[in-house]
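File shown here: data.txt, holding compact mmCIF, C-alpha atoms and all ligand atoms.
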# COMPACT_ATOMS: atom_id res chain seq x y z
CA MET A 1 94.37 109.41 95.10
CA THR A 2 91.67 106.86 94.31
CA THR A 3 91.36 104.35 97.12
CA PRO A 4 92.36 101.71 97.74
CA ALA A 5 95.68 102.40 96.04
CA VAL A 6 97.12 99.68 93.82
CA PHE A 7 100.49 98.26 94.75
CA ASP A 8 101.55 96.15 91.81
CA GLY A 9 103.77 93.07 91.39
CA HIS A 10 105.48 93.92 88.09
CA ASN A 11 106.19 96.71 85.63
CA ASP A 12 108.82 97.21 82.94
CA VAL A 13 108.95 101.01 82.83
CA LEU A 14 112.69 101.06 83.63
CA LEU A 15 113.36 99.03 80.49
CA GLN A 16 111.27 101.44 78.42
CA LEU A 17 113.05 104.48 79.90
CA TYR A 18 116.39 102.76 79.23
CA ARG A 19 115.37 102.21 75.60
CA ALA A 20 114.12 105.79 75.31
CA GLY A 21 117.48 107.33 76.15
CA GLY A 22 118.43 106.43 79.70
CA VAL A 23 119.08 108.59 82.76
CA SER A 24 119.20 111.94 80.95
CA LYS A 25 115.76 111.29 79.39
CA ALA A 26 114.10 109.83 82.49
CA ASP A 27 112.27 113.12 83.08
CA VAL A 28 109.45 111.95 80.80
CA PHE A 29 108.29 109.81 83.70
CA LEU A 30 107.31 113.10 85.40
CA THR A 31 106.31 115.17 82.39
CA GLY A 32 104.32 112.42 80.65
CA ARG A 33 105.21 109.64 78.24
CA LYS A 34 103.51 107.36 75.79
CA GLY A 35 103.18 104.10 77.63
CA ALA A 36 101.37 102.55 80.56
CA LEU A 37 103.02 104.17 83.57
CA ASP A 38 104.08 107.69 84.47
CA ALA A 39 103.54 110.03 87.41
CA GLU A 40 100.42 111.70 86.03
CA LYS A 41 98.63 108.51 84.96
CA ALA A 42 99.54 106.98 88.33
CA LYS A 43 97.78 109.83 90.10
CA GLN A 44 94.70 109.43 87.88
CA GLY A 45 94.48 105.68 88.42
CA GLY A 46 95.48 105.45 92.06
CA PHE A 47 98.63 103.51 91.25
CA GLY A 48 100.54 103.63 94.55
CA GLY A 49 103.64 101.79 93.36
CA GLY A 50 105.04 98.32 92.85
CA PHE A 51 107.92 96.17 91.75
CA PHE A 52 110.08 98.03 89.20
CA ALA A 53 111.92 95.40 87.18
CA VAL A 54 115.51 95.76 86.03
CA TYR A 55 115.63 93.58 82.93
CA VAL A 56 118.43 93.08 80.39
CA PRO A 57 116.84 92.74 76.94
CA SER A 58 117.96 90.32 74.23
CA PRO A 59 118.14 91.52 70.66
CA VAL A 60 114.71 90.08 69.80
CA ASP A 61 112.04 91.71 67.78
CA LEU A 62 109.13 92.28 70.18
CA GLU A 63 106.72 92.93 67.32
CA PHE A 64 107.61 89.58 65.79
CA LYS A 65 107.13 87.93 69.16
CA PHE A 66 103.72 89.50 69.80
CA GLU A 67 102.70 88.69 66.19
CA GLU A 68 103.62 85.02 66.65
CA MET A 69 101.59 85.00 69.84
CA THR A 70 98.38 85.83 67.95
CA LYS A 71 98.44 82.36 66.34
CA PRO A 72 96.34 79.44 67.65
CA ALA A 73 99.46 77.66 68.90
CA TYR A 74 103.03 78.86 69.22
CA ASP A 75 106.43 77.97 70.64
CA LEU A 76 108.88 80.86 70.60
CA PRO A 77 112.56 79.96 70.75
CA LEU A 78 114.31 81.55 73.72
CA PRO A 79 117.15 83.96 73.06
CA GLU A 80 120.76 83.04 73.88
CA PRO A 81 122.01 83.48 77.45
CA ILE A 82 123.68 86.83 78.25
CA ASP A 83 127.07 86.95 79.99
CA TRP A 84 127.51 88.81 83.26
CA GLU A 85 130.01 91.22 81.66
CA ASP A 86 127.41 92.24 79.06
CA ALA A 87 124.44 92.31 81.42
CA LEU A 88 125.94 94.35 84.24
CA PRO A 89 126.27 97.76 82.49
CA VAL A 90 122.70 97.52 81.15
CA ALA A 91 121.36 96.62 84.59
CA MET A 92 123.37 99.43 86.20
CA THR A 93 121.90 101.97 83.78
CA GLN A 94 118.38 100.87 84.71
CA VAL A 95 119.18 101.07 88.43
CA ALA A 96 120.60 104.54 87.80
CA ILE A 97 117.29 105.51 86.14
CA LEU A 98 115.41 104.28 89.20
CA LEU A 99 117.68 106.32 91.50
CA GLU A 100 117.30 109.36 89.24
CA LEU A 101 113.50 109.07 89.51
CA GLU A 102 113.90 108.97 93.29
CA ARG A 103 116.19 112.02 93.23
CA LYS A 104 113.61 113.93 91.16
CA GLY A 105 110.93 113.12 93.72
CA ALA A 106 108.86 110.86 91.44
CA LEU A 107 109.07 107.86 93.77
CA LYS A 108 110.81 106.35 96.75
CA VAL A 109 112.93 103.19 96.59
CA CYS A 110 111.41 101.19 99.46
CA ARG A 111 113.53 98.86 101.57
CA SER A 112 110.85 97.70 104.02
CA ALA A 113 107.11 97.14 104.17
CA ALA A 114 106.95 100.11 106.54
CA ASP A 115 108.50 102.26 103.78
CA ILE A 116 105.77 101.14 101.38
CA ARG A 117 103.00 101.74 103.90
CA ALA A 118 104.32 105.26 104.56
CA CYS A 119 104.33 105.94 100.81
CA LEU A 120 100.76 104.67 100.35
CA ASP A 121 99.67 106.91 103.23
CA SER A 122 101.42 110.00 101.88
CA GLY A 123 100.69 109.51 98.18
CA LYS A 124 104.38 109.17 97.21
CA MET A 125 104.91 106.40 94.65
CA ALA A 126 106.53 103.33 96.27
CA ALA A 127 109.09 101.37 94.22
CA ILE A 128 110.70 98.02 94.91
CA PHE A 129 114.05 97.54 93.19
CA HIS A 130 113.50 94.14 91.52
CA ILE A 131 115.68 92.19 89.07
CA GLU A 132 113.95 90.02 86.46
CA GLY A 133 116.51 87.44 85.31
CA ALA A 134 119.76 87.29 87.27
CA GLU A 135 122.21 87.77 84.37
CA ALA A 136 123.74 90.76 86.19
CA ILE A 137 124.61 88.60 89.23
CA ASP A 138 128.05 86.91 89.22
CA PRO A 139 128.58 83.27 90.29
CA ASP A 140 130.20 84.36 93.58
CA LEU A 141 127.10 86.48 94.32
CA HIS A 142 129.22 89.55 95.10
CA THR A 143 126.97 91.66 92.85
CA LEU A 144 123.97 90.41 94.81
CA ASP A 145 125.46 91.66 98.08
CA VAL A 146 126.38 95.04 96.58
CA LEU A 147 122.96 95.51 94.95
CA HIS A 148 121.21 94.49 98.15
CA ALA A 149 123.10 97.31 99.89
CA ALA A 150 121.87 99.60 97.09
CA GLY A 151 118.25 98.63 97.77
CA LEU A 152 117.63 95.38 95.85
CA ARG A 153 114.80 93.54 97.60
CA SER A 154 113.48 91.06 95.03
CA ILE A 155 114.92 88.90 92.25
CA GLY A 156 113.78 86.34 89.69
CA PRO A 157 116.63 83.84 89.05
CA VAL A 158 115.57 83.77 85.40
CA TRP A 159 113.51 85.68 82.96
CA SER A 160 112.57 82.87 80.56
CA ARG A 161 116.07 82.85 78.99
CA SER A 162 118.54 80.51 80.76
CA THR A 163 121.04 81.92 83.25
CA ILE A 164 123.86 80.31 85.24
CA PHE A 165 121.22 79.88 87.97
CA GLY A 166 118.50 78.01 86.11
CA HIS A 167 116.08 77.77 83.22
CA GLY A 168 112.79 79.46 82.48
CA VAL A 169 109.71 78.59 80.48
CA PRO A 170 109.74 79.40 76.77
CA PHE A 171 106.59 81.21 75.58
CA ARG A 172 104.60 78.20 74.49
CA TYR A 173 100.85 77.70 74.04
CA PRO A 174 99.25 75.35 74.80
CA SER A 175 101.82 73.85 77.10
CA SER A 176 102.57 72.59 80.56
CA PRO A 177 105.20 74.63 82.46
CA ASP A 178 107.19 71.41 82.86
CA ILE A 179 109.86 72.18 80.26
CA GLY A 180 113.55 71.57 80.84
CA ASP A 181 115.86 71.33 83.84
CA GLY A 182 115.51 73.09 87.16
CA LEU A 183 117.97 75.20 89.14
CA THR A 184 121.72 74.67 88.84
CA ASP A 185 123.97 74.30 91.91
CA GLN A 186 124.67 78.02 91.55
CA GLY A 187 120.92 78.57 91.51
CA LEU A 188 120.56 76.72 94.80
CA ARG A 189 123.33 78.92 96.27
CA LEU A 190 121.45 81.98 95.03
CA VAL A 191 118.31 80.79 96.84
CA LYS A 192 120.27 80.32 100.07
CA ARG A 193 121.93 83.73 99.87
CA CYS A 194 118.61 85.45 99.06
CA ASN A 195 117.09 83.77 102.11
CA GLU A 196 120.00 85.02 104.25
CA LEU A 197 119.70 88.57 102.92
CA ARG A 198 115.89 88.29 102.94
CA ILE A 199 115.66 89.18 99.26
CA MET A 200 112.34 87.97 97.85
CA LEU A 201 112.60 85.24 95.19
CA ASP A 202 110.22 85.62 92.26
CA LEU A 203 109.06 82.34 90.68
CA SER A 204 107.15 83.85 87.75
CA HIS A 205 109.38 82.86 84.81
CA LEU A 206 110.82 79.63 86.24
CA ASN A 207 109.88 76.34 84.64
CA GLU A 208 108.15 73.74 86.79
CA LYS A 209 111.33 71.92 87.89
CA GLY A 210 112.91 75.21 88.95
CA PHE A 211 109.73 76.12 90.80
CA TRP A 212 109.88 72.89 92.84
CA ASP A 213 113.60 73.38 93.47
CA VAL A 214 112.87 76.77 95.06
CA ALA A 215 109.89 75.29 96.93
CA ARG A 216 112.15 72.61 98.43
CA HIS A 217 115.09 74.85 99.31
CA SER A 218 113.74 78.30 100.16
CA ASP A 219 112.63 79.15 103.69
CA ALA A 220 110.59 82.15 102.50
CA PRO A 221 106.95 82.29 101.32
CA LEU A 222 106.70 81.29 97.63
CA VAL A 223 105.81 84.23 95.40
CA ALA A 224 104.98 84.54 91.70
CA THR A 225 104.80 88.29 91.04
CA HIS A 226 103.06 88.12 87.65
CA SER A 227 101.47 84.80 86.67
CA ASN A 228 97.98 83.43 86.10
CA ALA A 229 95.95 80.23 86.43
CA HIS A 230 96.94 77.40 84.08
CA ALA A 231 93.52 75.80 84.64
CA ILE A 232 91.95 78.74 82.74
CA CYS A 233 94.70 79.57 80.25
CA PRO A 234 96.99 76.58 79.58
CA HIS A 235 100.08 78.69 78.82
CA SER A 236 103.60 77.60 79.82
CA ARG A 237 103.91 80.86 81.85
CA ASN A 238 100.90 80.11 84.06
CA LEU A 239 100.74 78.19 87.34
CA THR A 240 99.14 74.75 87.69
CA ASP A 241 96.80 74.05 90.58
CA ASP A 242 99.54 71.96 92.25
CA GLN A 243 101.90 74.94 92.10
CA LEU A 244 99.17 77.20 93.50
CA LYS A 245 98.62 74.74 96.37
CA ALA A 246 102.33 74.83 97.21
CA ILE A 247 102.25 78.64 97.20
CA ALA A 248 99.25 78.55 99.55
CA GLU A 249 101.00 76.12 101.91
CA SER A 250 104.06 78.39 102.09
CA ASP A 251 101.77 81.37 102.83
CA GLY A 252 103.11 83.15 99.73
CA MET A 253 101.14 84.84 96.96
CA VAL A 254 100.48 85.38 93.25
CA GLY A 255 100.08 88.68 91.38
CA LEU A 256 97.56 88.60 88.50
CA ASN A 257 99.34 89.24 85.21
CA PHE A 258 97.38 91.53 82.84
CA ALA A 259 99.20 90.21 79.73
CA VAL A 260 96.39 89.07 77.47
CA ALA A 261 98.23 85.92 76.28
CA PHE A 262 98.21 84.62 79.86
CA LEU A 263 94.58 85.68 80.49
CA ARG A 264 92.78 84.42 77.39
CA GLU A 265 91.74 80.80 77.13
CA ASP A 266 93.11 80.75 73.57
CA GLY A 267 96.52 82.12 74.68
CA LYS A 268 96.51 84.85 72.00
CA MET A 269 98.25 88.19 72.48
CA LEU A 270 95.12 90.12 71.45
CA ALA A 271 93.80 92.99 73.56
CA ASP A 272 90.01 92.53 73.23
CA VAL A 273 89.72 90.90 76.62
CA PRO A 274 86.87 91.88 78.97
CA LEU A 275 87.65 92.63 82.60
CA THR A 276 85.47 89.64 83.51
CA GLN A 277 88.24 87.39 82.14
CA MET A 278 90.62 88.89 84.72
CA LEU A 279 88.01 88.18 87.39
CA ARG A 280 87.78 84.54 86.29
CA HIS A 281 91.49 84.17 87.03
CA LEU A 282 91.14 86.03 90.31
CA ASP A 283 88.26 83.73 91.33
CA HIS A 284 90.34 80.66 90.54
CA LEU A 285 93.44 82.00 92.30
CA ILE A 286 91.41 82.99 95.38
CA GLY A 287 89.70 79.58 95.32
CA ILE A 288 93.03 77.83 95.91
CA LEU A 289 95.16 80.51 97.57
CA GLY A 290 92.51 82.16 99.72
CA GLU A 291 91.71 85.86 100.00
CA ASP A 292 95.04 86.75 101.65
CA ARG A 293 97.38 85.40 98.97
CA VAL A 294 96.36 87.07 95.71
CA GLY A 295 97.28 90.50 94.35
CA LEU A 296 97.99 92.28 91.08
CA GLY A 297 101.11 91.97 88.90
CA SER A 298 100.22 93.97 85.82
CA ASP A 299 103.29 93.63 83.55
CA TYR A 300 102.58 97.24 82.49
CA ASP A 301 105.02 98.54 79.87
CA GLY A 302 106.05 94.95 79.14
CA ALA A 303 102.99 93.33 77.58
CA VAL A 304 99.78 93.79 75.61
CA VAL A 305 97.03 94.26 78.22
CA PRO A 306 93.21 94.41 78.08
CA GLU A 307 91.73 97.43 76.28
CA GLU A 308 89.94 98.80 79.35
CA VAL A 309 93.10 98.94 81.44
CA THR A 310 95.69 99.95 78.83
CA THR A 311 97.47 102.22 81.31
CA VAL A 312 97.54 102.64 85.10
CA ALA A 313 94.96 105.43 84.63
CA GLY A 314 92.43 102.66 83.87
CA LEU A 315 92.90 100.83 87.17
CA PRO A 316 89.72 102.27 88.75
CA ARG A 317 87.75 100.30 86.11
CA LEU A 318 89.27 97.07 87.41
CA ARG A 319 88.47 97.99 91.00
CA GLU A 320 84.91 98.81 89.95
CA ALA A 321 84.63 95.47 88.12
CA MET A 322 85.72 93.68 91.29
CA ILE A 323 82.95 95.34 93.29
CA GLN A 324 80.39 94.62 90.50
CA HIS A 325 81.54 91.00 90.60
CA GLY A 326 80.59 90.84 94.28
CA TYR A 327 83.97 91.20 95.97
CA THR A 328 83.70 93.00 99.32
CA GLU A 329 85.52 96.29 99.83
CA GLN A 330 87.75 94.51 102.28
CA LEU A 331 88.73 91.90 99.66
CA VAL A 332 89.33 94.60 97.03
CA LYS A 333 91.71 96.34 99.45
CA LYS A 334 93.58 93.08 100.04
CA LEU A 335 93.90 92.45 96.29
CA CYS A 336 94.95 96.05 95.64
CA HIS A 337 97.78 96.25 98.17
CA GLU A 338 97.26 94.67 101.60
CA ASN A 339 98.30 91.19 100.51
CA TRP A 340 101.54 92.45 98.99
CA LEU A 341 102.33 94.26 102.22
CA ARG A 342 101.55 91.12 104.21
CA VAL A 343 103.84 88.86 102.19
CA LEU A 344 106.65 91.42 102.00
CA GLU A 345 106.56 91.92 105.77
CA LYS A 346 106.85 88.17 106.14
CA THR A 347 109.67 87.86 103.62
CA TRP A 348 111.72 90.90 104.59
CA GLY A 349 110.96 91.00 108.31
CA ALA A 350 109.10 93.82 110.03
ZN ZN B 1 107.99 89.00 83.17

Starting from the coordinates I provided, produce the structure as structure tokens.
Amino acid sequence: MTTPAVFDGHNDVLLQLYRAGGVSKADVFLTGRKGALDAEKAKQGGFGGGFFAVYVPSPVDLEFKFEEMTKPAYDLPLPEPIDWEDALPVAMTQVAILLELERKGALKVCRSAADIRACLDSGKMAAIFHIEGAEAIDPDLHTLDVLHAAGLRSIGPVWSRSTIFGHGVPFRYPSSPDIGDGLTDQGLRLVKRCNELRIMLDLSHLNEKGFWDVARHSDAPLVATHSNAHAICPHSRNLTDDQLKAIAESDGMVGLNFAVAFLREDGKMLADVPLTQMLRHLDHLIGILGEDRVGLGSDYDGAVVPEEVTTVAGLPRLREAMIQHGYTEQLVKKLCHENWLRVLEKTWGA
């Protein structure tokens, strides 16, 4: 494996495998699939693992969405909320795909930072069971307790669509992330229970009010798994300098999102983005968060990404660009996986 291995804050491969036929078709992860992430490409690129998102899709046309996002300014309406009864079976199928991949030996579902470290040492792919948008969690949080027992270690209260727990940012450019109300009372209870269970809370799709609600109520480091710098790309999904300062104060971290609409200054979902644009965001993030609080959060299999890193097989190019840019080998290692391990140890306990 290419060193240092990349441990990554976000991918949507479970959603893609769900769409491609579910558990019985999950084998393509091992035999090779069209898409950004599979076992073979991971080996080529030194992809050591990451957060595997369970995400319940809305009936929206992704092509339409990405087409809209090539315009100079856009404001995409958010889809309707999804009820727990409808979300749960979809989420369960994606968890079943994750467990099937573990059964087939493609990866290990990690429950501790030590698990991840052991995987990175042995070359086994490390997966965190993550939920993006808590539609599959009931108001009494019973599902949260059950899924935690099944390995859930990280959750975003919302994907951008509203849930009973809070509200996210619509995909709007240019725009402040300060759009709409924050967490609901149920959302505050979710924060408390996640703190008790030591499930990591992901701030990436929350709007600004929701972000500050978590900042006020959570006792864990603040983490945005896949978000970029608003100062460089003024997209509703990116983090303002004030948000970054709060993350730094909590000793949390941010994973750099590869989605081109959140990288480019013009906010367009167009893939001709040089790696130097990713480094501009990294420089800005490191400038406020410090070298110990920045990592990667690719959004692979969920977004249009820069041409040179279309799949995980291209990750060595990004590592090379970091070195060319003047980052020390020690810093590159921190960005590639050490910082994720640090923050997860802190959040989950040793
Ligand atoms: Zn996302």

Query raised in the report: What lies within 12 Å of Asp242 (chain A) using all atoms listed in the file, ignoring chain neighbours under 2 positions off, as a ChimeraX atom specification?
Result: /A:177,208,211-212,215,229-231,238-240,244-249,285,288-289

Query - Neighbour list for His130 (chain A) as a ChimeraX atom specification, cut-off 9 Å, all atoms listed in the file, skip fewer than 2 positions in-chain - result: /A:10,51-55,127-128,132,152-156,200

Requested in this report: Considering all atoms listed in the file, state which residue in the set A:Leu78, A:Leu315, A:Leu99, A:Val158 is at the smallest distance from Ala42 (chain A).
Outcome: A:Leu315

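Candidate residues A:Arg33, A:Arg117, A:Arg198, A:His226 were compared for distance to ligand ZN 1 (chain B), and the nearest is A:His226, using only C-alpha atoms and all ligand atoms.
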
Query - Residues near Glu329 (chain A), cut-off 10 Å, all atoms listed in the file, skip fewer than 6 positions along chain, as a PyMOL selection string - result: chain A and resi 4+319+322-323+335

Report task. Could you pull out the residues sitting within 10 Å of ligand ZN 1 (chain B), using all atoms listed in the file, and write them as a list in words? Result ->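 Those residues are His10, Asn11, Asp12, Ala53, Tyr55, Glu132, Gly133, Gly156, Val158, Trp159, Ser160, Asp202, Ser204, His205, Thr225, His226, Ser227, Arg237, Asn257, Ala259, Gly297, Ser298, Asp299, Tyr300, Gly302 and Ala303 of chain A.
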
Query raised in the report: Could you state the separation of CA of Ile137 (chain A) and CA of Trp84 (chain A) in Å, given to one decimal place?
Result: 6.6 Å

Query - Within 8 Å of Asn195 (chain A) using only C-alpha atoms, minus same-chain residues under 3 positions, as a list in words - result: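 Listing them by chain and then by number gives Val191, Lys192, Arg198, Ile199, Met200, Ser218, Asp219 and Ala220 of chain A.
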
Produce a file of the selected residues containing C-alpha atoms, as a compact mmCIF listing (two decimals), keeping the file's coordinate frame.
# COMPACT_ATOMS: atom_id res chain seq x y z
CA VAL A 191 118.31 80.79 96.84
CA LYS A 192 120.27 80.32 100.07
CA ARG A 198 115.89 88.29 102.94
CA ILE A 199 115.66 89.18 99.26
CA MET A 200 112.34 87.97 97.85
CA SER A 218 113.74 78.30 100.16
CA ASP A 219 112.63 79.15 103.69
CA ALA A 220 110.59 82.15 102.50

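Considering only C-alpha atoms, the residue among A:Pro81, A:Gly35, A:Gly151, A:Pro306 positioned nearest to Thr163 (chain A) is A:Pro81.
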
Report task. Would you please work out which residue, of A:Thr310, A:Thr70, A:Gln330, A:Ser122, is nearest to Pro274 (chain A) when using only C-alpha atoms? Result ->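 Once distances to Pro274 (chain A) are computed over only C-alpha atoms, the minimum belongs to A:Thr310.
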
Query raised in the report: What's the 6 Å shell around Tyr173 (chain A), counting only C-alpha atoms, without same-chain residues fewer than 6 positions away, as a PyMOL selection string?
Result: chain A and resi 73-74+235

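CA of Asp115 (chain A) to CA of Gly49 (chain A) spans 11.5 Å [interatomic distance, one decimal].
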
Report task. Around the point (91.8, 111.0, 90.8) in the file's coordinates, collect all residues with an atom within 12 Å, using all atoms listed in the file, and return them as a PyMOL selection string. Result -> chain A and resi 1-5+40-47+123+312-316

Output file for the selection above: C-alpha atoms, as a PDB file, keeping the file's coordinate frame:
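What ended up in result-v8.pdb:
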ATOM      1  CA  MET A   1      94.370 109.410  95.100  1.00  0.00           C
ATOM      2  CA  THR A   2      91.670 106.860  94.310  1.00  0.00           C
ATOM      3  CA  THR A   3      91.360 104.350  97.120  1.00  0.00           C
ATOM      4  CA  PRO A   4      92.360 101.710  97.740  1.00  0.00           C
ATOM      5  CA  ALA A   5      95.680 102.400  96.040  1.00  0.00           C
ATOM      6  CA  GLU A  40     100.420 111.700  86.030  1.00  0.00           C
ATOM      7  CA  LYS A  41      98.630 108.510  84.960  1.00  0.00           C
ATOM      8  CA  ALA A  42      99.540 106.980  88.330  1.00  0.00           C
ATOM      9  CA  LYS A  43      97.780 109.830  90.100  1.00  0.00           C
ATOM     10  CA  GLN A  44      94.700 109.430  87.880  1.00  0.00           C
ATOM     11  CA  GLY A  45      94.480 105.680  88.420  1.00  0.00           C
ATOM     12  CA  GLY A  46      95.480 105.450  92.060  1.00  0.00           C
ATOM     13  CA  PHE A  47      98.630 103.510  91.250  1.00  0.00           C
ATOM     14  CA  GLY A 123     100.690 109.510  98.180  1.00  0.00           C
ATOM     15  CA  VAL A 312      97.540 102.640  85.100  1.00  0.00           C
ATOM     16  CA  ALA A 313      94.960 105.430  84.630  1.00  0.00           C
ATOM     17  CA  GLY A 314      92.430 102.660  83.870  1.00  0.00           C
ATOM     18  CA  LEU A 315      92.900 100.830  87.170  1.00  0.00           C
ATOM     19  CA  PRO A 316      89.720 102.270  88.750  1.00  0.00           C
TER      20      PRO A 316
END

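Coordinates place CA of Met253 (chain A) at a distance of 10.0 Å from CA of Ile286 (chain A).
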
Requested in this report: In the coordinate frame of the file, compute which residues have an atom within 12 Å of (109.8, 113.4, 80.2) when using only C-alpha atoms, and state them as a list of chain:residue names.
Outcome: A:Leu17, A:Ala20, A:Gly21, A:Gly22, A:Val23, A:Ser24, A:Lys25, A:Ala26, A:Asp27, A:Val28, A:Phe29, A:Leu30, A:Thr31, A:Gly32, A:Arg33, A:Lys34, A:Gly35, A:Leu37, A:Asp38, A:Ala39, A:Glu40, A:Leu101, A:Lys104, A:Ala106

So that all listed atoms of region 247-259 of chain A fit with 8 Å spare on each side, what axis-aligned box centre and edge lengths in Å, to one decimal, would you give as lines of an AutoDock Vina configuration file?
center_x = 100.7
center_y = 83.8
center_z = 91.3
size_x = 22.7
size_y = 31.4
size_z = 39.1

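Each of A:Val95, A:Val305, A:Val343, A:Val332 was checked against Phe66 (chain A) using all atoms listed in the file; the smallest atom-to-atom distance is that of A:Val305.
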